[in-house]
>>> print(open('run.txt').read())   # compact mmCIF, N, CA and C atoms
# COMPACT_ATOMS: atom_id res chain seq x y z
N MET A 5 0.84 -1.17 0.00
CA MET A 5 0.00 0.00 0.00
C MET A 5 0.90 1.25 0.00
N ALA A 6 0.69 2.12 -0.94
CA ALA A 6 1.51 3.33 -1.08
C ALA A 6 0.93 4.46 -0.24
N THR A 7 1.79 5.28 0.30
CA THR A 7 1.34 6.43 1.09
C THR A 7 1.28 7.65 0.18
N ASN A 8 0.27 8.45 0.42
CA ASN A 8 0.11 9.68 -0.35
C ASN A 8 0.94 10.76 0.31
N THR A 9 1.98 11.23 -0.37
CA THR A 9 2.86 12.25 0.20
C THR A 9 2.51 13.64 -0.28
N ASN A 10 1.47 13.79 -1.09
CA ASN A 10 1.10 15.09 -1.62
C ASN A 10 0.06 15.82 -0.78
N ARG A 11 -0.42 15.21 0.28
CA ARG A 11 -1.46 15.85 1.08
C ARG A 11 -0.82 16.85 2.05
N PRO A 12 -1.56 17.89 2.39
CA PRO A 12 -1.01 18.89 3.31
C PRO A 12 -0.89 18.32 4.73
N THR A 13 0.06 18.84 5.46
CA THR A 13 0.24 18.42 6.84
C THR A 13 -0.13 19.56 7.77
N SER A 14 -0.42 19.22 9.00
CA SER A 14 -0.73 20.23 10.00
C SER A 14 0.55 20.97 10.38
N PRO A 15 0.41 22.22 10.77
CA PRO A 15 1.62 22.93 11.22
C PRO A 15 2.15 22.31 12.50
N HIS A 16 3.44 22.24 12.60
CA HIS A 16 4.07 21.68 13.79
C HIS A 16 4.10 22.73 14.88
N LEU A 17 4.31 22.29 16.11
CA LEU A 17 4.35 23.22 17.23
C LEU A 17 5.49 24.22 17.11
N GLN A 18 6.55 23.84 16.40
CA GLN A 18 7.66 24.77 16.21
C GLN A 18 7.30 25.87 15.23
N VAL A 19 6.34 25.62 14.35
CA VAL A 19 5.96 26.59 13.33
C VAL A 19 4.77 27.43 13.79
N TYR A 20 3.79 26.81 14.38
CA TYR A 20 2.56 27.49 14.78
C TYR A 20 2.77 28.19 16.10
N ARG A 21 2.44 29.45 16.17
CA ARG A 21 2.55 30.22 17.41
C ARG A 21 1.15 30.43 17.98
N LEU A 22 0.95 29.92 19.17
CA LEU A 22 -0.34 30.04 19.84
C LEU A 22 -0.58 31.50 20.21
N PRO A 23 -1.75 32.05 19.92
CA PRO A 23 -2.00 33.45 20.28
C PRO A 23 -2.06 33.62 21.80
N LEU A 24 -1.85 34.85 22.24
CA LEU A 24 -1.84 35.15 23.67
C LEU A 24 -3.14 34.74 24.34
N THR A 25 -4.26 34.95 23.66
CA THR A 25 -5.54 34.57 24.26
C THR A 25 -5.64 33.05 24.43
N GLY A 26 -5.03 32.30 23.54
CA GLY A 26 -5.01 30.84 23.68
C GLY A 26 -4.17 30.40 24.87
N ILE A 27 -3.02 31.05 25.04
CA ILE A 27 -2.16 30.75 26.18
C ILE A 27 -2.87 31.09 27.48
N ILE A 28 -3.56 32.24 27.50
CA ILE A 28 -4.30 32.66 28.69
C ILE A 28 -5.41 31.66 29.00
N SER A 29 -6.09 31.19 27.99
CA SER A 29 -7.18 30.23 28.19
C SER A 29 -6.67 28.92 28.77
N ILE A 30 -5.56 28.43 28.24
CA ILE A 30 -4.97 27.19 28.76
C ILE A 30 -4.49 27.41 30.20
N THR A 31 -3.89 28.55 30.45
CA THR A 31 -3.40 28.86 31.81
C THR A 31 -4.56 28.97 32.79
N HIS A 32 -5.69 29.51 32.33
CA HIS A 32 -6.87 29.60 33.19
C HIS A 32 -7.33 28.22 33.63
N ARG A 33 -7.32 27.27 32.71
CA ARG A 33 -7.70 25.91 33.07
C ARG A 33 -6.69 25.29 34.04
N MET A 34 -5.41 25.55 33.80
CA MET A 34 -4.37 25.01 34.67
C MET A 34 -4.48 25.59 36.08
N THR A 35 -4.76 26.88 36.18
CA THR A 35 -4.90 27.48 37.51
C THR A 35 -6.14 26.96 38.22
N GLY A 36 -7.17 26.62 37.48
CA GLY A 36 -8.35 26.01 38.09
C GLY A 36 -8.01 24.67 38.72
N VAL A 37 -7.19 23.88 38.04
CA VAL A 37 -6.76 22.60 38.61
C VAL A 37 -5.86 22.83 39.82
N MET A 38 -4.97 23.83 39.72
CA MET A 38 -4.10 24.16 40.86
C MET A 38 -4.92 24.59 42.07
N LEU A 39 -5.97 25.35 41.84
CA LEU A 39 -6.81 25.80 42.95
C LEU A 39 -7.54 24.62 43.59
N SER A 40 -7.98 23.68 42.77
CA SER A 40 -8.65 22.50 43.31
C SER A 40 -7.68 21.68 44.17
N ALA A 41 -6.46 21.50 43.68
CA ALA A 41 -5.46 20.77 44.46
C ALA A 41 -5.05 21.55 45.70
N GLY A 42 -4.99 22.87 45.60
CA GLY A 42 -4.61 23.70 46.73
C GLY A 42 -5.65 23.70 47.83
N LEU A 43 -6.89 23.42 47.49
CA LEU A 43 -7.92 23.37 48.53
C LEU A 43 -7.69 22.23 49.51
N VAL A 44 -7.07 21.16 49.04
CA VAL A 44 -6.72 20.06 49.95
C VAL A 44 -5.74 20.56 50.99
N PHE A 45 -4.75 21.32 50.55
CA PHE A 45 -3.77 21.90 51.46
C PHE A 45 -4.42 22.91 52.40
N PHE A 46 -5.37 23.68 51.88
CA PHE A 46 -6.10 24.64 52.71
C PHE A 46 -6.88 23.93 53.82
N VAL A 47 -7.50 22.81 53.48
CA VAL A 47 -8.23 22.03 54.48
C VAL A 47 -7.27 21.52 55.55
N TYR A 48 -6.06 21.12 55.12
CA TYR A 48 -5.05 20.69 56.09
C TYR A 48 -4.70 21.83 57.05
N ILE A 49 -4.54 23.03 56.53
CA ILE A 49 -4.20 24.18 57.37
C ILE A 49 -5.32 24.46 58.37
N VAL A 50 -6.55 24.48 57.89
CA VAL A 50 -7.69 24.77 58.78
C VAL A 50 -7.84 23.68 59.84
N SER A 51 -7.66 22.42 59.45
CA SER A 51 -7.80 21.33 60.43
C SER A 51 -6.66 21.35 61.44
N SER A 52 -5.47 21.80 61.03
CA SER A 52 -4.38 21.88 62.00
C SER A 52 -4.60 23.02 62.99
N VAL A 53 -5.23 24.08 62.54
CA VAL A 53 -5.58 25.17 63.46
C VAL A 53 -6.62 24.69 64.47
N ALA A 54 -7.58 23.92 63.99
CA ALA A 54 -8.62 23.40 64.88
C ALA A 54 -8.12 22.26 65.75
N GLY A 55 -6.99 21.64 65.37
CA GLY A 55 -6.49 20.48 66.09
C GLY A 55 -5.71 20.77 67.34
N GLY A 56 -5.39 22.01 67.58
CA GLY A 56 -4.67 22.34 68.80
C GLY A 56 -3.26 22.81 68.53
N ALA A 57 -2.55 23.06 69.62
CA ALA A 57 -1.21 23.67 69.53
C ALA A 57 -0.19 22.75 68.86
N THR A 58 -0.27 21.45 69.12
CA THR A 58 0.71 20.52 68.55
C THR A 58 0.56 20.42 67.03
N SER A 59 -0.66 20.25 66.57
CA SER A 59 -0.86 20.15 65.12
C SER A 59 -0.59 21.49 64.44
N TYR A 60 -0.88 22.58 65.11
CA TYR A 60 -0.58 23.90 64.55
C TYR A 60 0.92 24.11 64.43
N ALA A 61 1.67 23.68 65.42
CA ALA A 61 3.14 23.82 65.37
C ALA A 61 3.73 22.96 64.25
N SER A 62 3.21 21.77 64.05
CA SER A 62 3.73 20.93 62.95
C SER A 62 3.37 21.53 61.59
N MET A 63 2.20 22.15 61.50
CA MET A 63 1.84 22.82 60.25
C MET A 63 2.76 24.02 60.01
N GLN A 64 3.10 24.76 61.05
CA GLN A 64 4.01 25.89 60.92
C GLN A 64 5.40 25.42 60.48
N ASP A 65 5.85 24.29 60.99
CA ASP A 65 7.13 23.74 60.55
C ASP A 65 7.09 23.38 59.07
N LEU A 66 5.98 22.79 58.63
CA LEU A 66 5.84 22.45 57.21
C LEU A 66 5.79 23.71 56.35
N MET A 67 5.12 24.74 56.82
CA MET A 67 5.01 25.98 56.05
C MET A 67 6.34 26.74 55.95
N SER A 68 7.30 26.42 56.79
CA SER A 68 8.58 27.11 56.72
C SER A 68 9.52 26.52 55.67
N VAL A 69 9.18 25.39 55.09
CA VAL A 69 9.99 24.79 54.03
C VAL A 69 9.83 25.64 52.76
N TRP A 70 10.94 25.95 52.09
CA TRP A 70 10.90 26.88 50.96
C TRP A 70 10.05 26.36 49.81
N LEU A 71 10.03 25.05 49.58
CA LEU A 71 9.23 24.51 48.48
C LEU A 71 7.73 24.67 48.77
N ILE A 72 7.35 24.48 50.01
CA ILE A 72 5.94 24.65 50.38
C ILE A 72 5.55 26.12 50.28
N ARG A 73 6.47 27.01 50.66
CA ARG A 73 6.20 28.45 50.52
C ARG A 73 6.02 28.83 49.05
N LEU A 74 6.84 28.25 48.19
CA LEU A 74 6.72 28.50 46.75
C LEU A 74 5.37 28.01 46.24
N LEU A 75 4.96 26.83 46.66
CA LEU A 75 3.65 26.32 46.27
C LEU A 75 2.52 27.20 46.80
N TYR A 76 2.71 27.70 48.01
CA TYR A 76 1.72 28.59 48.63
C TYR A 76 1.55 29.86 47.79
N TRP A 77 2.65 30.47 47.39
CA TRP A 77 2.56 31.69 46.58
C TRP A 77 2.08 31.38 45.16
N GLY A 78 2.36 30.19 44.67
CA GLY A 78 1.79 29.77 43.39
C GLY A 78 0.27 29.64 43.49
N PHE A 79 -0.21 29.14 44.62
CA PHE A 79 -1.64 29.05 44.86
C PHE A 79 -2.27 30.43 44.90
N ILE A 80 -1.61 31.37 45.56
CA ILE A 80 -2.15 32.73 45.63
C ILE A 80 -2.17 33.37 44.25
N TYR A 81 -1.10 33.17 43.46
CA TYR A 81 -1.11 33.72 42.09
C TYR A 81 -2.22 33.08 41.27
N ALA A 82 -2.40 31.77 41.39
CA ALA A 82 -3.46 31.09 40.65
C ALA A 82 -4.83 31.64 41.04
N LEU A 83 -5.00 31.94 42.32
CA LEU A 83 -6.26 32.51 42.78
C LEU A 83 -6.52 33.87 42.13
N PHE A 84 -5.51 34.74 42.13
CA PHE A 84 -5.68 36.07 41.53
C PHE A 84 -5.81 35.99 40.01
N PHE A 85 -5.06 35.09 39.37
CA PHE A 85 -5.18 34.94 37.92
C PHE A 85 -6.58 34.47 37.55
N HIS A 86 -7.07 33.49 38.29
CA HIS A 86 -8.41 32.96 38.03
C HIS A 86 -9.47 34.04 38.25
N LEU A 87 -9.28 34.86 39.28
CA LEU A 87 -10.19 35.96 39.55
C LEU A 87 -10.18 36.97 38.40
N CYS A 88 -9.01 37.37 37.96
CA CYS A 88 -8.91 38.36 36.87
C CYS A 88 -9.48 37.82 35.58
N HIS A 89 -9.28 36.54 35.32
CA HIS A 89 -9.84 35.96 34.10
C HIS A 89 -11.37 35.88 34.20
N GLY A 90 -11.89 35.66 35.40
CA GLY A 90 -13.34 35.68 35.59
C GLY A 90 -13.92 37.05 35.33
N VAL A 91 -13.22 38.10 35.76
CA VAL A 91 -13.67 39.47 35.47
C VAL A 91 -13.66 39.71 33.97
N ARG A 92 -12.64 39.20 33.31
CA ARG A 92 -12.56 39.33 31.85
C ARG A 92 -13.74 38.64 31.16
N HIS A 93 -14.13 37.48 31.69
CA HIS A 93 -15.30 36.80 31.13
C HIS A 93 -16.58 37.59 31.38
N LEU A 94 -16.67 38.27 32.51
CA LEU A 94 -17.84 39.12 32.74
C LEU A 94 -17.90 40.25 31.72
N ILE A 95 -16.75 40.80 31.35
CA ILE A 95 -16.71 41.83 30.31
C ILE A 95 -17.15 41.24 28.97
N TRP A 96 -16.71 40.02 28.69
CA TRP A 96 -17.12 39.36 27.45
C TRP A 96 -18.62 39.10 27.42
N ASP A 97 -19.22 38.86 28.58
CA ASP A 97 -20.66 38.61 28.63
C ASP A 97 -21.48 39.80 28.17
N SER A 98 -20.86 40.98 28.18
CA SER A 98 -21.57 42.15 27.67
C SER A 98 -21.63 42.15 26.15
N GLY A 99 -20.88 41.26 25.52
CA GLY A 99 -20.91 41.15 24.06
C GLY A 99 -19.98 42.11 23.36
N LYS A 100 -19.06 42.70 24.08
CA LYS A 100 -18.15 43.68 23.49
C LYS A 100 -16.71 43.16 23.55
N SER A 101 -15.85 43.86 22.87
CA SER A 101 -14.39 43.66 22.91
C SER A 101 -13.95 42.30 22.40
N PHE A 102 -14.48 41.92 21.24
CA PHE A 102 -14.07 40.65 20.66
C PHE A 102 -13.11 40.79 19.49
N ASP A 103 -12.64 42.00 19.19
CA ASP A 103 -11.65 42.11 18.13
C ASP A 103 -10.28 41.73 18.69
N ASN A 104 -9.37 41.28 17.83
CA ASN A 104 -8.10 40.70 18.27
C ASN A 104 -7.24 41.66 19.07
N ASP A 105 -7.18 42.92 18.67
CA ASP A 105 -6.34 43.87 19.41
C ASP A 105 -6.85 44.08 20.83
N THR A 106 -8.15 44.19 20.99
CA THR A 106 -8.73 44.38 22.32
C THR A 106 -8.55 43.13 23.17
N LEU A 107 -8.71 41.96 22.56
CA LEU A 107 -8.51 40.71 23.30
C LEU A 107 -7.09 40.61 23.83
N ASP A 108 -6.11 40.95 22.99
CA ASP A 108 -4.71 40.91 23.44
C ASP A 108 -4.45 41.96 24.51
N HIS A 109 -5.05 43.14 24.35
CA HIS A 109 -4.87 44.20 25.34
C HIS A 109 -5.42 43.78 26.70
N TYR A 110 -6.62 43.20 26.71
CA TYR A 110 -7.22 42.74 27.96
C TYR A 110 -6.43 41.58 28.57
N ALA A 111 -5.85 40.74 27.73
CA ALA A 111 -5.04 39.64 28.23
C ALA A 111 -3.80 40.17 28.96
N LYS A 112 -3.19 41.21 28.40
CA LYS A 112 -2.02 41.80 29.05
C LYS A 112 -2.42 42.49 30.37
N ILE A 113 -3.58 43.14 30.36
CA ILE A 113 -4.07 43.76 31.60
C ILE A 113 -4.34 42.68 32.65
N GLU A 114 -4.92 41.58 32.22
CA GLU A 114 -5.22 40.48 33.14
C GLU A 114 -3.94 39.92 33.76
N LEU A 115 -2.91 39.73 32.96
CA LEU A 115 -1.64 39.23 33.48
C LEU A 115 -1.02 40.23 34.45
N GLY A 116 -1.04 41.50 34.07
CA GLY A 116 -0.48 42.54 34.93
C GLY A 116 -1.22 42.67 36.26
N CYS A 117 -2.54 42.62 36.21
CA CYS A 117 -3.34 42.74 37.43
C CYS A 117 -3.12 41.55 38.36
N SER A 118 -3.08 40.34 37.79
CA SER A 118 -2.88 39.16 38.64
C SER A 118 -1.49 39.17 39.27
N LEU A 119 -0.49 39.58 38.52
CA LEU A 119 0.85 39.69 39.08
C LEU A 119 0.92 40.81 40.11
N GLY A 120 0.29 41.94 39.82
CA GLY A 120 0.27 43.06 40.75
C GLY A 120 -0.44 42.73 42.05
N LEU A 121 -1.55 42.03 41.97
CA LEU A 121 -2.27 41.64 43.19
C LEU A 121 -1.45 40.66 44.02
N THR A 122 -0.74 39.75 43.35
CA THR A 122 0.11 38.81 44.07
C THR A 122 1.26 39.54 44.76
N LEU A 123 1.90 40.47 44.05
CA LEU A 123 2.98 41.25 44.66
C LEU A 123 2.49 42.11 45.81
N PHE A 124 1.31 42.70 45.64
CA PHE A 124 0.71 43.50 46.71
C PHE A 124 0.48 42.64 47.95
N THR A 125 -0.03 41.44 47.75
CA THR A 125 -0.26 40.53 48.86
C THR A 125 1.05 40.12 49.51
N PHE A 126 2.07 39.86 48.68
CA PHE A 126 3.38 39.47 49.21
C PHE A 126 4.00 40.57 50.05
N ILE A 127 3.85 41.80 49.62
CA ILE A 127 4.49 42.92 50.31
C ILE A 127 3.72 43.33 51.56
N PHE A 128 2.40 43.42 51.47
CA PHE A 128 1.61 44.03 52.54
C PHE A 128 0.90 43.04 53.47
N VAL A 129 0.99 41.77 53.20
CA VAL A 129 0.30 40.81 54.08
C VAL A 129 1.29 39.93 54.80
>>> encode(input="run.txt", output="structure tokens")
Amino acid sequence: MATNTNRPTSPHLQVYRLPLTGIISITHRMTGVMLSAGLVFFVYIVSSVAGGATSYASMQDLMSVWLIRLLYWGFIYALFFHLCHGVRHLIWDSGKSFDNDTLDHYAKIELGCSLGLTLFTFIFV
């Protein structure tokens, strides 16, 4: 059986550049999964507070590990990113701003706001 080599092929990932709105959409889904996984950790924190001084002290020891702190701040960024993307969807529900330039502009604002809110929280909380 001969293969047909004259048919067009799909663009490869090295050739095709995903638009910013596509990257934002994929990231929104990823942050939703991160938030779901982070809720398990949040439940652990709340239960250790309710468990008394010993469980609270062991939770504090775990929270002092740099990798856990990094995950904690990743959770906070995911929360703010998800929030900003939700606001963007509320703007879309009005039926406006669907041209490509405006979509890219709002995507950049969304990234800046989520990063700014995370930095604000890091500095002032």
>>> select_by_dssp(input="run.txt", residues="chain A", states="helix (DSSP H, G or I)", output="count of residues only")
95
>>> axis_aligned_box(input="run.txt", around="stretch 63-76 of chain A", padding_each_side="6 Å", output="lines of an AutoDock Vina configuration file")
center_x = 6.2
center_y = 26.0
center_z = 53.9
size_x = 21.4
size_y = 19.7
size_z = 27.3
>>> residues_around(input="run.txt", residues="stretch 59-73 of chain A", least_positions_apart="6", cutoff="8 Å", atoms="all atoms listed in the file", output="compact mmCIF listing (two decimals) with N, CA and C atoms, in the frame of the given file")
# COMPACT_ATOMS: atom_id res chain seq x y z
N TYR A 48 -6.06 21.12 55.12
CA TYR A 48 -5.05 20.69 56.09
C TYR A 48 -4.70 21.83 57.05
N ILE A 49 -4.54 23.03 56.53
CA ILE A 49 -4.20 24.18 57.37
C ILE A 49 -5.32 24.46 58.37
N SER A 51 -7.66 22.42 59.45
CA SER A 51 -7.80 21.33 60.43
C SER A 51 -6.66 21.35 61.44
N SER A 52 -5.47 21.80 61.03
CA SER A 52 -4.38 21.88 62.00
C SER A 52 -4.60 23.02 62.99
N VAL A 53 -5.23 24.08 62.54
CA VAL A 53 -5.58 25.17 63.46
C VAL A 53 -6.62 24.69 64.47
N PHE A 79 -0.21 29.14 44.62
CA PHE A 79 -1.64 29.05 44.86
C PHE A 79 -2.27 30.43 44.90
>>> closest_atom_pairs(input="run.txt", of="stretch 26-97 of chain A", to="stretch 114-119 of chain A", cutoff="8 Å", atoms="only N, CA and C atoms", output="CSV")
residue,atom,partner,partner_atom,distance
A:Ile80,C,A:Ser118,C,7.7
A:Tyr81,CA,A:Ser118,C,6.1
A:Ala82,N,A:Ser118,C,7.8
A:Leu83,C,A:Ser118,CA,7.3
A:Phe84,C,A:Ser118,CA,4.5
A:Phe85,N,A:Ser118,CA,4.7
A:His86,N,A:Ser118,CA,7.1
A:Leu87,C,A:Ser118,CA,7.6
A:Cys88,C,A:Glu114,CA,5.6
A:His89,N,A:Glu114,CA,6.1
A:Arg92,N,A:Glu114,CA,7.5
>>> atom_distance(input="run.txt", atom1="atom N of A:Thr25", atom2="atom C of A:Ser101")
12.2 Å
>>> atom_distance(input="run.txt", atom1="atom N of A:Leu107", atom2="atom C of A:Leu22")
13.5 Å
>>> atom_distance(input="run.txt", atom1="atom C of A:Arg33", atom2="atom C of A:Tyr110")
17.2 Å
>>> closest_residue(input="run.txt", among="A:Val47, A:Gly42, A:Ala57, A:Asp105", to="A:Pro23", atoms="only C-alpha atoms")
A:Asp105
>>> decode(input="run.txt", residues="stretch 32-114 of chain A", atoms="C-alpha atoms", output="PDB file, in the first residue's frame")
ATOM      1  CA  HIS A  32      -6.872  29.602  33.191  1.00  0.00           C
ATOM      2  CA  ARG A  33      -7.699  25.911  33.066  1.00  0.00           C
ATOM      3  CA  MET A  34      -4.375  25.007  34.672  1.00  0.00           C
ATOM      4  CA  THR A  35      -4.895  27.477  37.506  1.00  0.00           C
ATOM      5  CA  GLY A  36      -8.346  26.011  38.094  1.00  0.00           C
ATOM      6  CA  VAL A  37      -6.755  22.598  38.605  1.00  0.00           C
ATOM      7  CA  MET A  38      -4.102  24.159  40.861  1.00  0.00           C
ATOM      8  CA  LEU A  39      -6.813  25.795  42.954  1.00  0.00           C
ATOM      9  CA  SER A  40      -8.645  22.499  43.314  1.00  0.00           C
ATOM     10  CA  ALA A  41      -5.456  20.765  44.457  1.00  0.00           C
ATOM     11  CA  GLY A  42      -4.607  23.697  46.730  1.00  0.00           C
ATOM     12  CA  LEU A  43      -7.924  23.371  48.529  1.00  0.00           C
ATOM     13  CA  VAL A  44      -6.725  20.059  49.947  1.00  0.00           C
ATOM     14  CA  PHE A  45      -3.770  21.897  51.457  1.00  0.00           C
ATOM     15  CA  PHE A  46      -6.100  24.638  52.713  1.00  0.00           C
ATOM     16  CA  VAL A  47      -8.234  22.033  54.482  1.00  0.00           C
ATOM     17  CA  TYR A  48      -5.048  20.691  56.090  1.00  0.00           C
ATOM     18  CA  ILE A  49      -4.202  24.183  57.368  1.00  0.00           C
ATOM     19  CA  VAL A  50      -7.685  24.767  58.785  1.00  0.00           C
ATOM     20  CA  SER A  51      -7.801  21.334  60.430  1.00  0.00           C
ATOM     21  CA  SER A  52      -4.379  21.878  62.000  1.00  0.00           C
ATOM     22  CA  VAL A  53      -5.582  25.170  63.463  1.00  0.00           C
ATOM     23  CA  ALA A  54      -8.620  23.402  64.881  1.00  0.00           C
ATOM     24  CA  GLY A  55      -6.488  20.476  66.088  1.00  0.00           C
ATOM     25  CA  GLY A  56      -4.675  22.344  68.804  1.00  0.00           C
ATOM     26  CA  ALA A  57      -1.214  23.665  69.535  1.00  0.00           C
ATOM     27  CA  THR A  58       0.706  20.518  68.548  1.00  0.00           C
ATOM     28  CA  SER A  59      -0.863  20.152  65.120  1.00  0.00           C
ATOM     29  CA  TYR A  60      -0.580  23.901  64.551  1.00  0.00           C
ATOM     30  CA  ALA A  61       3.137  23.815  65.368  1.00  0.00           C
ATOM     31  CA  SER A  62       3.733  20.934  62.951  1.00  0.00           C
ATOM     32  CA  MET A  63       1.837  22.824  60.248  1.00  0.00           C
ATOM     33  CA  GLN A  64       4.015  25.894  60.923  1.00  0.00           C
ATOM     34  CA  ASP A  65       7.129  23.735  60.553  1.00  0.00           C
ATOM     35  CA  LEU A  66       5.842  22.448  57.212  1.00  0.00           C
ATOM     36  CA  MET A  67       5.013  25.984  56.050  1.00  0.00           C
ATOM     37  CA  SER A  68       8.580  27.112  56.719  1.00  0.00           C
ATOM     38  CA  VAL A  69       9.987  24.790  54.025  1.00  0.00           C
ATOM     39  CA  TRP A  70      10.903  26.883  50.957  1.00  0.00           C
ATOM     40  CA  LEU A  71       9.225  24.513  48.481  1.00  0.00           C
ATOM     41  CA  ILE A  72       5.938  24.649  50.385  1.00  0.00           C
ATOM     42  CA  ARG A  73       6.198  28.453  50.524  1.00  0.00           C
ATOM     43  CA  LEU A  74       6.722  28.500  46.752  1.00  0.00           C
ATOM     44  CA  LEU A  75       3.645  26.319  46.266  1.00  0.00           C
ATOM     45  CA  TYR A  76       1.721  28.585  48.629  1.00  0.00           C
ATOM     46  CA  TRP A  77       2.557  31.688  46.577  1.00  0.00           C
ATOM     47  CA  GLY A  78       1.788  29.770  43.391  1.00  0.00           C
ATOM     48  CA  PHE A  79      -1.645  29.046  44.858  1.00  0.00           C
ATOM     49  CA  ILE A  80      -2.146  32.733  45.634  1.00  0.00           C
ATOM     50  CA  TYR A  81      -1.109  33.719  42.095  1.00  0.00           C
ATOM     51  CA  ALA A  82      -3.460  31.088  40.652  1.00  0.00           C
ATOM     52  CA  LEU A  83      -6.263  32.512  42.777  1.00  0.00           C
ATOM     53  CA  PHE A  84      -5.684  36.066  41.534  1.00  0.00           C
ATOM     54  CA  PHE A  85      -5.180  34.942  37.919  1.00  0.00           C
ATOM     55  CA  HIS A  86      -8.412  32.956  38.027  1.00  0.00           C
ATOM     56  CA  LEU A  87     -10.194  35.960  39.554  1.00  0.00           C
ATOM     57  CA  CYS A  88      -8.906  38.359  36.874  1.00  0.00           C
ATOM     58  CA  HIS A  89      -9.843  35.958  34.105  1.00  0.00           C
ATOM     59  CA  GLY A  90     -13.337  35.678  35.592  1.00  0.00           C
ATOM     60  CA  VAL A  91     -13.671  39.469  35.472  1.00  0.00           C
ATOM     61  CA  ARG A  92     -12.556  39.334  31.847  1.00  0.00           C
ATOM     62  CA  HIS A  93     -15.297  36.795  31.133  1.00  0.00           C
ATOM     63  CA  LEU A  94     -17.836  39.124  32.742  1.00  0.00           C
ATOM     64  CA  ILE A  95     -16.712  41.831  30.306  1.00  0.00           C
ATOM     65  CA  TRP A  96     -17.118  39.361  27.445  1.00  0.00           C
ATOM     66  CA  ASP A  97     -20.664  38.606  28.629  1.00  0.00           C
ATOM     67  CA  SER A  98     -21.570  42.152  27.672  1.00  0.00           C
ATOM     68  CA  GLY A  99     -20.911  41.148  24.063  1.00  0.00           C
ATOM     69  CA  LYS A 100     -18.146  43.675  23.492  1.00  0.00           C
ATOM     70  CA  SER A 101     -14.393  43.665  22.905  1.00  0.00           C
ATOM     71  CA  PHE A 102     -14.075  40.645  20.662  1.00  0.00           C
ATOM     72  CA  ASP A 103     -11.651  42.111  18.125  1.00  0.00           C
ATOM     73  CA  ASN A 104      -8.102  40.697  18.268  1.00  0.00           C
ATOM     74  CA  ASP A 105      -6.343  43.874  19.406  1.00  0.00           C
ATOM     75  CA  THR A 106      -8.729  44.381  22.321  1.00  0.00           C
ATOM     76  CA  LEU A 107      -8.513  40.708  23.297  1.00  0.00           C
ATOM     77  CA  ASP A 108      -4.713  40.914  23.437  1.00  0.00           C
ATOM     78  CA  HIS A 109      -4.869  44.199  25.344  1.00  0.00           C
ATOM     79  CA  TYR A 110      -7.222  42.744  27.963  1.00  0.00           C
ATOM     80  CA  ALA A 111      -5.035  39.637  28.232  1.00  0.00           C
ATOM     81  CA  LYS A 112      -2.024  41.804  29.054  1.00  0.00           C
ATOM     82  CA  ILE A 113      -4.067  43.759  31.597  1.00  0.00           C
ATOM     83  CA  GLU A 114      -5.216  40.479  33.137  1.00  0.00           C
TER      84      GLU A 114
END
